[in-house]
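Okay, data_19.txt is below, compact mmCIF, C-alpha atoms:
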# COMPACT_ATOMS: atom_id res chain seq x y z
CA MET T 1 -3.50 23.49 -12.49
CA ASP T 2 -0.87 20.98 -11.47
CA MET T 3 0.26 23.31 -8.73
CA ILE T 4 -3.27 23.66 -7.38
CA ILE T 5 -3.70 19.91 -7.32
CA LYS T 6 -0.35 19.49 -5.60
CA GLU T 7 -1.41 21.93 -2.92
CA LYS T 8 -4.74 20.16 -2.47
CA ILE T 9 -3.03 16.83 -2.03
CA LYS T 10 -0.75 18.31 0.59
CA GLN T 11 -3.83 19.40 2.47
CA VAL T 12 -5.40 15.97 2.13
CA LYS T 13 -2.24 14.44 3.55
CA LYS T 14 -2.52 16.75 6.52
CA GLY T 15 -5.98 15.38 7.19
CA ASN T 16 -8.18 17.86 5.37
CA GLN T 17 -10.77 15.57 3.87
CA ALA T 18 -12.72 18.34 2.16
CA ALA T 19 -9.73 19.21 -0.03
CA PHE T 20 -10.05 15.81 -1.62
CA GLU T 21 -13.33 16.77 -3.26
CA ASP T 22 -11.51 19.25 -5.50
CA VAL T 23 -9.12 16.51 -6.53
CA VAL T 24 -12.07 14.27 -7.37
CA LEU T 25 -13.80 17.01 -9.34
CA TYR T 26 -10.67 17.66 -11.36
CA TYR T 27 -10.04 14.04 -12.32
CA GLN T 28 -13.48 12.45 -12.21
CA ASP T 29 -14.28 12.79 -15.92
CA LYS T 30 -10.93 11.44 -17.01
CA ILE T 31 -10.95 8.51 -14.63
CA TYR T 32 -14.57 7.67 -15.30
CA HIS T 33 -13.93 7.84 -19.02
CA HIS T 34 -10.91 5.59 -18.66
CA CYS T 35 -12.87 3.04 -16.64
CA PHE T 36 -15.75 3.19 -19.10
CA ARG T 37 -13.47 2.52 -22.04
CA MET T 38 -11.81 -0.33 -20.18
CA LEU T 39 -15.03 -1.96 -19.02
CA GLY T 40 -17.57 -0.86 -21.63
CA ASN T 41 -20.34 -0.58 -19.11
CA ALA T 42 -21.50 2.56 -17.33
CA HIS T 43 -22.51 0.90 -14.12
CA GLU T 44 -19.25 -0.93 -13.62
CA ALA T 45 -17.28 2.11 -14.75
CA GLU T 46 -18.86 4.23 -12.05
CA ASP T 47 -18.31 1.56 -9.48
CA ILE T 48 -14.63 1.14 -10.28
CA ALA T 49 -13.96 4.85 -10.72
CA GLN T 50 -15.43 5.49 -7.27
CA GLU T 51 -13.36 2.72 -5.81
CA ALA T 52 -10.25 4.17 -7.44
CA PHE T 53 -10.78 7.55 -5.77
CA ILE T 54 -11.48 5.96 -2.42
CA ARG T 55 -8.33 3.87 -2.64
CA ALA T 56 -6.35 6.93 -3.63
CA TYR T 57 -7.66 8.71 -0.54
CA VAL T 58 -6.99 5.85 1.82
CA ASN T 59 -3.48 5.35 0.48
CA ILE T 60 -2.65 9.00 -0.05
CA HIS T 61 0.38 8.70 2.23
CA SER T 62 2.01 6.20 -0.06
CA TYR T 63 1.84 8.72 -2.90
CA ASP T 64 5.24 10.26 -3.57
CA ASP T 65 4.91 14.03 -4.14
CA ARG T 66 7.80 14.10 -6.54
CA ARG T 67 5.91 12.05 -9.10
CA LYS T 68 2.90 12.97 -11.18
CA PHE T 69 -0.34 12.49 -9.31
CA SER T 70 -2.25 11.59 -12.46
CA THR T 71 0.13 8.71 -13.19
CA TRP T 72 -0.43 7.37 -9.71
CA LEU T 73 -4.19 7.74 -9.93
CA TYR T 74 -4.41 6.09 -13.34
CA ARG T 75 -2.34 3.24 -12.02
CA ILE T 76 -4.86 2.58 -9.27
CA ALA T 77 -7.78 2.86 -11.68
CA THR T 78 -6.19 0.65 -14.33
CA ASN T 79 -5.31 -2.06 -11.83
CA LEU T 80 -8.87 -2.04 -10.54
CA THR T 81 -10.37 -2.34 -14.01
CA ILE T 82 -8.01 -5.19 -14.89
CA ASP T 83 -8.96 -6.96 -11.66
CA ARG T 84 -12.61 -6.54 -12.51
CA LEU T 85 -12.12 -7.86 -16.04
CA ARG T 86 -10.24 -10.84 -14.69
CA LYS T 87 -13.06 -11.66 -12.31
CA ARG T 88 -15.66 -11.76 -15.02
CA LYS T 89 -13.43 -13.67 -17.41
CA PRO T 90 -15.60 -16.81 -17.61
CA ASP T 91 -18.25 -14.80 -19.46
CA TYR T 92 -15.71 -13.36 -21.83
CA TYR T 93 -13.70 -16.34 -22.78
CA LEU T 94 -13.05 -14.90 -26.22
CA ASP T 95 -10.61 -12.59 -24.47
CA ALA T 96 -8.46 -15.55 -23.61
CA GLU T 97 -5.03 -15.46 -25.11
CA VAL T 98 -4.27 -18.07 -27.73
CA LYS T 99 -1.49 -20.32 -26.49
CA GLY T 100 1.89 -19.71 -28.01
CA THR T 101 1.14 -16.20 -29.18
CA GLU T 102 1.99 -12.95 -27.46
CA GLY T 103 -1.41 -11.48 -26.86
CA LEU T 104 -3.43 -12.84 -29.75
CA ASP T 105 -6.90 -13.70 -28.56
CA MET T 106 -9.75 -15.62 -30.06
CA TYR T 107 -11.09 -12.52 -31.76
CA SER T 108 -8.09 -12.37 -34.00
CA GLN T 109 -8.81 -15.94 -34.99
CA LEU T 110 -12.40 -15.08 -35.78
CA ALA T 111 -11.57 -12.09 -37.91
CA SER T 112 -11.73 -13.85 -41.28
CA THR T 113 -15.05 -15.55 -40.67
CA ASP T 114 -16.62 -12.51 -39.06
CA ARG T 115 -19.39 -10.63 -40.70
CA LEU T 116 -18.05 -7.98 -42.99
CA PRO T 117 -17.32 -4.86 -41.02
CA ASP T 118 -19.50 -2.95 -43.47
CA GLU T 119 -22.50 -4.93 -42.39
CA GLU T 120 -21.65 -4.39 -38.81
CA VAL T 121 -21.44 -0.67 -39.27
CA GLN T 122 -24.92 -0.58 -40.67
CA GLY T 123 -27.31 0.74 -38.12
CA MET T 124 -24.54 1.37 -35.69
CA GLU T 125 -23.02 4.73 -35.26
CA ILE T 126 -19.38 4.97 -36.14
CA GLN T 127 -18.57 6.15 -32.65
CA ASN T 128 -20.19 3.10 -31.15
CA PHE T 129 -18.48 0.87 -33.63
CA ILE T 130 -15.06 2.25 -32.72
CA GLN T 131 -15.86 1.88 -29.06
CA GLN T 132 -16.91 -1.71 -29.63
CA GLU T 133 -13.73 -2.50 -31.49
CA ILE T 134 -11.58 -0.97 -28.79
CA LEU T 135 -13.45 -3.06 -26.24
CA LYS T 136 -12.72 -6.20 -28.17
CA LEU T 137 -9.00 -5.67 -27.85
CA PRO T 138 -7.37 -7.70 -25.09
CA ALA T 139 -7.21 -5.57 -21.94
CA LYS T 140 -3.46 -5.21 -21.99
CA TYR T 141 -3.55 -3.60 -25.45
CA ARG T 142 -6.68 -1.64 -24.75
CA SER T 143 -5.26 0.02 -21.66
CA ILE T 144 -2.15 1.16 -23.53
CA ILE T 145 -4.03 2.41 -26.59
CA MET T 146 -6.31 4.45 -24.38
CA LEU T 147 -3.64 5.84 -22.13
CA ARG T 148 -1.72 6.89 -25.22
CA TYR T 149 -4.46 8.30 -27.45
CA LEU T 150 -7.26 9.36 -25.15
CA GLU T 151 -5.31 10.33 -22.07
CA GLU T 152 -2.20 11.34 -24.03
CA PHE T 153 0.39 9.94 -21.68
CA SER T 154 3.90 9.44 -22.98
CA LEU T 155 5.16 5.89 -23.46
CA GLN T 156 7.44 6.36 -20.47
CA GLU T 157 4.50 7.40 -18.30
CA ILE T 158 2.48 4.43 -19.52
CA SER T 159 5.32 2.14 -18.53
CA GLU T 160 5.13 3.66 -15.02
CA ILE T 161 1.36 3.45 -14.79
CA LEU T 162 1.23 -0.19 -15.82
CA ASP T 163 4.50 -1.09 -14.17
CA ILE T 164 5.86 -2.85 -17.24
CA PRO T 165 9.10 -2.21 -19.15
CA LEU T 166 9.14 0.48 -21.83
CA GLY T 167 9.98 -2.12 -24.48
CA THR T 168 6.85 -4.07 -23.65
CA VAL T 169 4.77 -0.91 -23.91
CA LYS T 170 6.17 -0.32 -27.40
CA THR T 171 5.52 -3.88 -28.56
CA ARG T 172 1.99 -3.78 -27.23
CA ILE T 173 1.13 -0.41 -28.68
CA HIS T 174 2.33 -1.63 -32.10
CA ARG T 175 0.19 -4.73 -31.90
CA GLY T 176 -2.77 -2.79 -30.58
CA ARG T 177 -2.56 -0.32 -33.44
CA GLU T 178 -2.27 -3.08 -36.00
CA ALA T 179 -5.22 -4.95 -34.54
CA LEU T 180 -7.37 -1.83 -34.62
CA ARG T 181 -6.19 -0.93 -38.08
CA LYS T 182 -7.48 -4.23 -39.38
CA LYS T 183 -10.82 -3.68 -37.78
CA LEU T 184 -11.27 -0.02 -38.62
CA ARG T 185 -9.88 0.10 -42.16
CA HIS T 186 -13.33 -0.13 -43.71
CA VAL T 187 -14.96 2.58 -41.62
CA MET A 1 13.13 -3.72 -48.44
CA ASP A 2 10.68 -6.17 -46.93
CA CYS A 3 7.40 -4.28 -47.03
CA ASN A 4 5.60 -6.38 -44.49
CA LYS A 5 8.05 -6.20 -41.66
CA GLU A 6 10.69 -3.54 -41.77
CA THR A 7 8.52 -0.79 -43.16
CA VAL A 8 5.69 -1.49 -40.75
CA GLU A 9 8.23 -1.40 -37.94
CA LEU A 10 9.38 2.00 -39.18
CA MET A 11 5.80 3.24 -39.36
CA HIS A 12 5.23 2.39 -35.74
CA LYS A 13 8.48 4.02 -34.76
CA TYR A 14 7.29 7.08 -36.62
CA LEU A 15 4.01 7.04 -34.72
CA ASP A 16 5.89 6.84 -31.44
CA GLY A 17 8.10 9.72 -32.54
CA GLU A 18 11.24 7.64 -32.46
CA LEU A 19 12.47 7.70 -36.04
CA THR A 20 16.02 8.81 -36.69
CA LYS A 21 16.72 11.12 -39.63
CA ASP A 22 18.03 8.25 -41.76
CA GLU A 23 15.09 6.04 -40.98
CA GLU A 24 12.70 8.83 -41.83
CA ILE A 25 14.28 9.27 -45.26
CA MET A 26 14.19 5.52 -45.78
CA LEU A 27 10.52 5.35 -44.90
CA ARG A 28 9.59 8.32 -47.05
CA GLU A 29 11.43 6.96 -50.06
CA HIS A 30 9.82 3.60 -49.68
CA LEU A 31 6.35 5.03 -49.28
CA GLU A 32 6.74 6.97 -52.53
CA ASP A 33 7.35 3.74 -54.40
CA CYS A 34 5.11 1.28 -52.60
CA GLU A 35 1.41 1.74 -52.84
CA GLU A 36 0.62 -1.07 -50.45
CA CYS A 37 2.70 0.44 -47.67
CA GLN A 38 1.21 3.84 -48.37
CA LYS A 39 -2.20 2.35 -47.77
CA HIS A 40 -1.05 0.63 -44.62
CA PHE A 41 0.47 3.82 -43.27
CA HIS A 42 -2.63 5.79 -44.11
CA GLU A 43 -4.82 3.25 -42.34
CA LEU A 44 -2.69 3.39 -39.22
CA LYS A 45 -2.86 7.15 -39.04
CA ARG A 46 -6.55 7.08 -39.68
CA THR A 47 -7.05 4.51 -36.92
CA ILE A 48 -5.41 6.83 -34.45
CA THR A 49 -7.59 9.71 -35.60
CA LEU A 50 -10.64 7.52 -35.16
CA ILE A 51 -9.63 6.46 -31.67
CA LYS A 52 -9.04 10.05 -30.70
CA SER A 53 -12.36 11.13 -32.21
CA THR A 54 -14.44 9.27 -29.65
CA ASP A 55 -16.35 11.57 -27.36
CA THR A 56 -15.19 12.20 -23.87
CA ILE A 57 -17.67 10.76 -21.47
CA HIS A 58 -18.52 12.75 -18.40
CA ALA A 59 -18.83 11.27 -14.97
CA PRO A 60 -22.39 11.14 -13.58
CA ASN A 61 -23.52 14.29 -11.77
CA HIS A 62 -23.47 12.94 -8.27
CA PHE A 63 -20.07 11.34 -8.71
CA SER A 64 -17.88 13.46 -6.43
CA THR A 65 -20.54 13.72 -3.73
CA SER A 66 -20.84 9.99 -3.75
CA VAL A 67 -17.10 9.51 -3.46
CA MET A 68 -16.92 11.91 -0.56
CA LYS A 69 -19.77 10.15 1.18
CA ASN A 70 -18.04 6.81 0.89
CA LEU A 71 -14.68 7.93 2.19
CA PRO A 72 -13.77 6.33 5.48
CA ALA A 73 -14.52 8.79 8.27
CA GLU A 74 -11.47 10.51 9.66
CA ARG A 75 -11.28 8.83 13.02
CA LYS A 76 -9.54 10.40 15.96
CA GLY A 77 -7.17 7.49 15.99
CA THR A 78 -5.94 8.01 12.45
CA LYS A 79 -4.39 11.31 13.42
CA TYR A 80 -2.24 9.62 16.04
CA VAL A 81 -1.44 6.76 13.72
CA ARG A 82 -0.28 9.23 11.08
CA TRP A 83 1.78 11.12 13.63
CA LEU A 84 3.39 7.90 14.75
CA LYS A 85 4.17 6.93 11.18
CA MET A 86 5.93 10.22 10.70
CA HIS A 87 7.97 9.92 13.90
CA PRO A 88 9.42 6.42 13.91
CA ILE A 89 11.89 7.00 16.74
CA MET A 90 9.25 8.33 19.08
CA THR A 91 7.09 5.37 18.11
CA ALA A 92 9.86 2.95 18.96
CA ALA A 93 10.35 4.67 22.30
CA ALA A 94 6.62 4.58 23.02
CA ILE A 95 6.36 0.90 22.16
CA PHE A 96 9.38 0.14 24.32
CA PHE A 97 7.87 2.05 27.21
CA VAL A 98 4.51 0.30 26.89
CA LEU A 99 6.05 -3.15 26.76
CA MET A 100 8.44 -2.38 29.57
CA SER A 101 5.79 -1.05 31.94
CA GLY A 102 3.42 -3.80 30.86
CA SER A 103 5.81 -6.55 31.84
CA MET A 104 6.64 -4.86 35.12
CA PHE A 105 3.07 -4.44 36.18
CA THR A 106 2.31 -8.02 35.32
CA ALA A 107 5.27 -9.07 37.40
CA TRP A 108 3.98 -6.84 40.16
CA GLN A 109 0.51 -8.31 40.04
CA GLN A 110 1.49 -11.89 39.47
CA ASP A 111 3.18 -12.44 42.78
CA SER A 112 0.64 -11.47 45.32
CA GLN A 113 1.49 -14.74 46.99
CA LEU A 114 4.02 -15.05 49.71
CA THR A 115 7.34 -16.18 48.36
CA VAL A 116 10.64 -16.64 50.04
CA SER A 117 13.93 -17.08 48.28
CA LYS A 118 15.43 -19.52 50.75
CA GLN A 119 13.18 -22.08 52.27
CA ASP A 120 15.61 -24.11 54.34
CA ASP A 121 15.05 -23.98 58.04
CA LEU A 122 12.67 -21.07 57.80
CA ILE A 123 9.27 -21.19 59.41
CA ILE A 124 6.34 -19.72 57.61
CA ARG A 125 3.44 -18.83 59.80
CA GLY A 126 0.54 -17.14 58.01
CA ASP A 127 2.08 -14.27 56.16
CA THR A 128 5.12 -14.10 58.29
CA VAL A 129 8.46 -15.67 57.64
CA ILE A 130 10.42 -16.44 60.71
CA VAL A 131 14.10 -17.05 60.96
CA PRO A 132 14.31 -19.19 64.08
CA GLU A 133 16.71 -18.36 66.81
CA ASP A 134 19.25 -21.06 66.19
CA VAL A 135 19.32 -20.74 62.44
CA ILE A 136 21.91 -18.95 60.40
CA VAL A 137 20.82 -18.14 56.88
CA GLU A 138 23.78 -18.04 54.57
CA GLY A 139 23.30 -15.91 51.56
CA ASP A 140 20.72 -13.31 50.51
CA LEU A 141 17.10 -13.51 51.54
CA VAL A 142 14.18 -12.11 49.55
CA VAL A 143 10.66 -12.11 50.94
CA LYS A 144 7.74 -11.08 48.77
CA ASN A 145 4.31 -10.21 50.09
CA GLY A 146 5.08 -11.24 53.59
CA ASN A 147 6.60 -10.03 56.82
CA LEU A 148 9.90 -11.13 58.19
CA ARG A 149 10.88 -11.82 61.72
CA VAL A 150 14.46 -12.47 62.39
CA ASP A 151 15.25 -14.30 65.60
CA GLY A 152 18.34 -15.97 64.23
CA LYS A 153 21.00 -14.69 61.94
CA ILE A 154 21.19 -13.76 58.28
CA GLU A 155 24.57 -13.69 56.61
CA GLY A 156 23.67 -11.65 53.58
CA ASP A 157 21.37 -9.03 52.16
CA VAL A 158 17.70 -8.90 52.99
CA THR A 159 15.07 -7.61 50.59
CA LEU A 160 11.51 -7.16 51.73
CA ILE A 161 8.91 -6.57 49.06
CA ASN A 162 5.46 -5.57 50.16
CA GLY A 163 6.09 -6.47 53.72
CA LYS A 164 7.81 -5.32 56.80
CA MET A 165 10.18 -6.38 59.45
CA ILE A 166 8.59 -7.52 62.64
CA GLU A 167 10.55 -6.89 65.73
CA GLU A 168 9.27 -9.11 68.44
CA TYR A 169 11.09 -7.50 71.24
CA GLU A 170 11.20 -3.84 71.50
CA ILE A 171 14.63 -2.65 72.17
CA GLU A 172 14.85 0.99 72.78
CA GLY A 173 15.65 2.98 69.73
CA GLU A 174 18.41 0.80 68.48
CA GLY A 175 16.94 -0.37 65.21
CA LEU A 176 17.49 -3.53 63.35
CA MET A 177 20.90 -4.58 64.46
CA ALA A 178 19.86 -4.44 68.03
CA SER A 179 16.96 -6.81 67.67
CA VAL A 180 17.39 -10.35 68.74
CA GLY A 181 18.09 -11.46 65.23
CA GLU A 182 20.99 -10.21 63.21
CA VAL A 183 21.32 -9.19 59.60
CA ASN A 184 24.86 -8.98 58.39
CA GLY A 185 24.39 -7.22 55.11
CA GLU A 186 22.31 -4.72 53.29
CA PHE A 187 18.69 -4.37 54.24
CA LYS A 188 16.20 -3.27 51.66
CA GLN A 189 12.49 -2.72 51.91
CA VAL A 190 10.31 -2.27 48.88
CA ASP A 191 6.63 -1.65 49.18
CA ARG A 192 5.41 0.64 46.47
CA ALA A 193 4.98 0.13 42.75
CA PHE A 194 7.48 2.77 41.89
CA GLU A 195 10.14 1.35 44.09
CA TRP A 196 9.32 -2.07 42.79
CA ILE A 197 10.03 -0.89 39.25
CA TRP A 198 13.20 0.78 40.39
CA TYR A 199 14.24 -2.41 42.10
CA HIS A 200 13.58 -4.30 38.85
CA ILE A 201 15.64 -1.92 36.82
CA GLN A 202 18.49 -2.12 39.29
CA ASN A 203 18.30 -5.88 39.18
CA LEU A 204 18.34 -5.81 35.42
CA PHE A 205 21.51 -3.76 35.36
CA LYS A 206 23.07 -5.87 38.04
CA ASN A 207 22.36 -8.94 35.94
CA ILE A 208 23.74 -7.34 32.84
CA PHE A 209 26.97 -6.38 34.54
CA SER A 210 27.32 -9.66 36.36
CA PHE A 211 27.47 -11.38 32.96
CA GLY A 212 30.80 -9.74 32.48
CA ASP A 213 32.22 -11.16 35.67
Would you kindly transcribe this structure into structure tokens?
Amino acid sequence: MDMIIKEKIKQVKKGNQAAFEDVVLYYQDKIYHHCFRMLGNAHEAEDIAQEAFIRAYVNIHSYDDRRKFSTWLYRIATNLTIDRLRKRKPDYYLDAEVKGTEGLDMYSQLASTDRLPDEEVQGMEIQNFIQQEILKLPAKYRSIIMLRYLEEFSLQEISEILDIPLGTVKTRIHRGREALRKKLRHV
Amino acid sequence: MDCNKETVELMHKYLDGELTKDEEIMLREHLEDCEECQKHFHELKRTITLIKSTDTIHAPNHFSTSVMKNLPAERKGTKYVRWLKMHPIMTAAAIFFVLMSGSMFTAWQQDSQLTVSKQDDLIIRGDTVIVPEDVIVEGDLVVKNGNLRVDGKIEGDVTLINGKMIEEYEIEGEGLMASVGEVNGEFKQVDRAFEWIWYHIQNLFKNIFSFGD
């Protein structure tokens, strides 16, 4: 499949716009899913996923054939979702990082006074509950957790997608896992 | 071993597939003894299973069509732009050529007015520059967009751009030197765009080489 995609991208670079549709069809579910998990909202997810493909098309000449196309595409999509999250930050002030901590947000402070997770699970499907908890993670942990466990990228690839050092990826994935563990232990 | 820190660190290393043999043995031995860490480890693994268990969401049906519709239309221009990007040397040459010809044509159009390089003692009547009989012009003379009549003498080169030499008195078949006036030097007449450019280029080189002198 990788070879087919490579060939298609070559054609797109030569100016064959129609070839791009196959690229979209191949990646659309993954990218849409990624955006949905990042944003937690179908409308925005579609918006951003579309934008990601359009940007990829417009900037196709800056894509280096020797690297993985998926890494490049996820990078565009992730940056767009993070931009979008940043723009709506005033409504989501709980996402704000607590000063003096590396990535702890207000949610982590609320954890002890929160309703018991058991109560929260009631009437809510487990799937939804997990999704909600992932969404509550700060974006920089959420993106890594999802790239690792839903998209199954290696840590090295994640470091390329997010353009951060490998060490930072490791620290963040540890913290993300711990944060989720605390929230999901009663499920 | 400090349960809360070191072991948890090892657990995460394990989950990232980065445990060395020794560390693995250390972790396993500790987990056998420590119920609390066992629980922690189990919870972590379960968390990952739970994350992975979420359904894959499919993109809406019209997704790809909609993307394709919103792509910027492939304009004719983009093809050239792309070609230029892929051939930087040709692009540089093209830009050089455009700028070069641009500046020359502006120079060509700018001076549609009569100009003479040496004004002293010359008479300008309408579009004709006259070198009076008793005058000797020392040095080169350039006349743009005007005619030149030489009754006197010119000690130097004459360049006529967009104009011609008027010979007041017809002297049979003997050309310039035989006219009443005298030009002791090269005589040049330029009256077409191409020659004008050629003249410019020659001038340019002359200037470049004269720097060395």
Q) How many Å separate atom CA of Ala45 of chain T from atom CA of Ile158 of chain T? A) 20.5 Å
Q: Compute the set of chain T residues within 8 Å of chain A, using all atoms listed in the file, and express it as a PyMOL selection string.
A: chain T and resi 15+17+20-21+24-25+28-30+32-33+46+50+53-54+57-58+127+130-131+149-150+174+177-178+180-181+184-185
Q: Could you please determine the separation between atom CA of Lys68 of chain T and atom CA of Asp83 of chain T in Å, to one decimal place?
A: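 Computing it gives 23.2 Å between the two atoms.
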Q: Mind giving me the straight-line distance from atom CA of Ser70 of chain T to atom CA of Ala56 of chain T in Å, one decimal?
A: 10.8 Å
Q: Identify which of the residues T:Ile48, T:Cys35, T:Ala42, T:Ile60 lies closest to Lys10 of chain T, counting all atoms listed in the file when measuring atom-to-atom distances.
A: T:Ile60
Q | Best match for closeness to Lys136 of chain T among T:Lys6, T:Arg86, T:Lys183, T:His43, counting all atoms listed in the file | A | T:Lys183
Q | Residue among T:Ala77, T:Val187, T:Ile173, T:Met146 lying closest to Asn128 of chain T, counting only C-alpha atoms | A | T:Val187
Go ahead and fit an axis-aligned box to every listed atom of segment 3-10 of chain T plus 8 Å each side, and pass me the centre and edge lengths in Å, one decimal, as JSON.
{"center_x": -2.2, "center_y": 20.2, "center_z": -4.1, "size_x": 21.0, "size_y": 22.8, "size_z": 25.3}
Do you know which residues are at most 12 Å from Arg84 of chain T counting only C-alpha atoms, after dropping those on the same chain fewer than 4 positions away, and could you put them as a compact mmCIF listing (two decimals) with C-alpha atoms, in the coordinates of the input?
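Printed below is part_2.txt as written:
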# COMPACT_ATOMS: atom_id res chain seq x y z
CA CYS T 35 -12.87 3.04 -16.64
CA MET T 38 -11.81 -0.33 -20.18
CA LEU T 39 -15.03 -1.96 -19.02
CA GLY T 40 -17.57 -0.86 -21.63
CA ASN T 41 -20.34 -0.58 -19.11
CA GLU T 44 -19.25 -0.93 -13.62
CA ALA T 45 -17.28 2.11 -14.75
CA ASP T 47 -18.31 1.56 -9.48
CA ILE T 48 -14.63 1.14 -10.28
CA ALA T 49 -13.96 4.85 -10.72
CA GLU T 51 -13.36 2.72 -5.81
CA ALA T 77 -7.78 2.86 -11.68
CA THR T 78 -6.19 0.65 -14.33
CA ASN T 79 -5.31 -2.06 -11.83
CA LEU T 80 -8.87 -2.04 -10.54
CA ARG T 88 -15.66 -11.76 -15.02
CA LYS T 89 -13.43 -13.67 -17.41
CA PRO T 90 -15.60 -16.81 -17.61
CA TYR T 92 -15.71 -13.36 -21.83
CA ALA T 139 -7.21 -5.57 -21.94
Q: Please provide as a list of chain:residue names all residues within 12 Å of Val169 of chain T, with the sequence filter that same-chain residues fewer than 6 positions apart are discarded (counting only C-alpha atoms).
A: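 Near Val169 of chain T, the qualifying residues are T:Lys140, T:Tyr141, T:Arg142, T:Ser143, T:Ile144, T:Ile145, T:Leu147, T:Arg148, T:Phe153, T:Ser154, T:Leu155, T:Gln156, T:Glu157, T:Ile158, T:Ser159, T:Glu160, T:Ile161, T:Leu162, T:Asp163, T:Arg175, T:Gly176, A:Asp16.
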Take the residues that were just selected and, keeping C-alpha atoms, output them as a PDB file, in the coordinates of the input.
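Written out: result_2.pdb:
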ATOM      1  CA  LYS T 140      -3.460  -5.210 -21.990  1.00  0.00           C
ATOM      2  CA  TYR T 141      -3.550  -3.600 -25.450  1.00  0.00           C
ATOM      3  CA  ARG T 142      -6.680  -1.640 -24.750  1.00  0.00           C
ATOM      4  CA  SER T 143      -5.260   0.020 -21.660  1.00  0.00           C
ATOM      5  CA  ILE T 144      -2.150   1.160 -23.530  1.00  0.00           C
ATOM      6  CA  ILE T 145      -4.030   2.410 -26.590  1.00  0.00           C
ATOM      7  CA  LEU T 147      -3.640   5.840 -22.130  1.00  0.00           C
ATOM      8  CA  ARG T 148      -1.720   6.890 -25.220  1.00  0.00           C
ATOM      9  CA  PHE T 153       0.390   9.940 -21.680  1.00  0.00           C
ATOM     10  CA  SER T 154       3.900   9.440 -22.980  1.00  0.00           C
ATOM     11  CA  LEU T 155       5.160   5.890 -23.460  1.00  0.00           C
ATOM     12  CA  GLN T 156       7.440   6.360 -20.470  1.00  0.00           C
ATOM     13  CA  GLU T 157       4.500   7.400 -18.300  1.00  0.00           C
ATOM     14  CA  ILE T 158       2.480   4.430 -19.520  1.00  0.00           C
ATOM     15  CA  SER T 159       5.320   2.140 -18.530  1.00  0.00           C
ATOM     16  CA  GLU T 160       5.130   3.660 -15.020  1.00  0.00           C
ATOM     17  CA  ILE T 161       1.360   3.450 -14.790  1.00  0.00           C
ATOM     18  CA  LEU T 162       1.230  -0.190 -15.820  1.00  0.00           C
ATOM     19  CA  ASP T 163       4.500  -1.090 -14.170  1.00  0.00           C
ATOM     20  CA  ARG T 175       0.190  -4.730 -31.900  1.00  0.00           C
ATOM     21  CA  GLY T 176      -2.770  -2.790 -30.580  1.00  0.00           C
TER      22      GLY T 176
ATOM     23  CA  ASP A  16       5.890   6.840 -31.440  1.00  0.00           C
TER      24      ASP A  16
END
Mind checking which residues fall within 8 Å of Asp127 of chain A, counting all atoms listed in the file, ignoring those fewer than 5 positions away in the same chain, and posting them as a PDB file with C-alpha atoms, in the frame of the given file?
ATOM      1  CA  LEU A 114       4.020 -15.050  49.710  1.00  0.00           C
ATOM      2  CA  ASN A 145       4.310 -10.210  50.090  1.00  0.00           C
ATOM      3  CA  GLY A 146       5.080 -11.240  53.590  1.00  0.00           C
ATOM      4  CA  ASN A 147       6.600 -10.030  56.820  1.00  0.00           C
TER       5      ASN A 147
END
Q: Tell me which of A:Val131, A:Ile197, A:Leu19, A:Val81 sits closest to Val116 of chain A, counting all atoms listed in the file.
A: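 Under the stated criterion, the closest residue is A:Val131.
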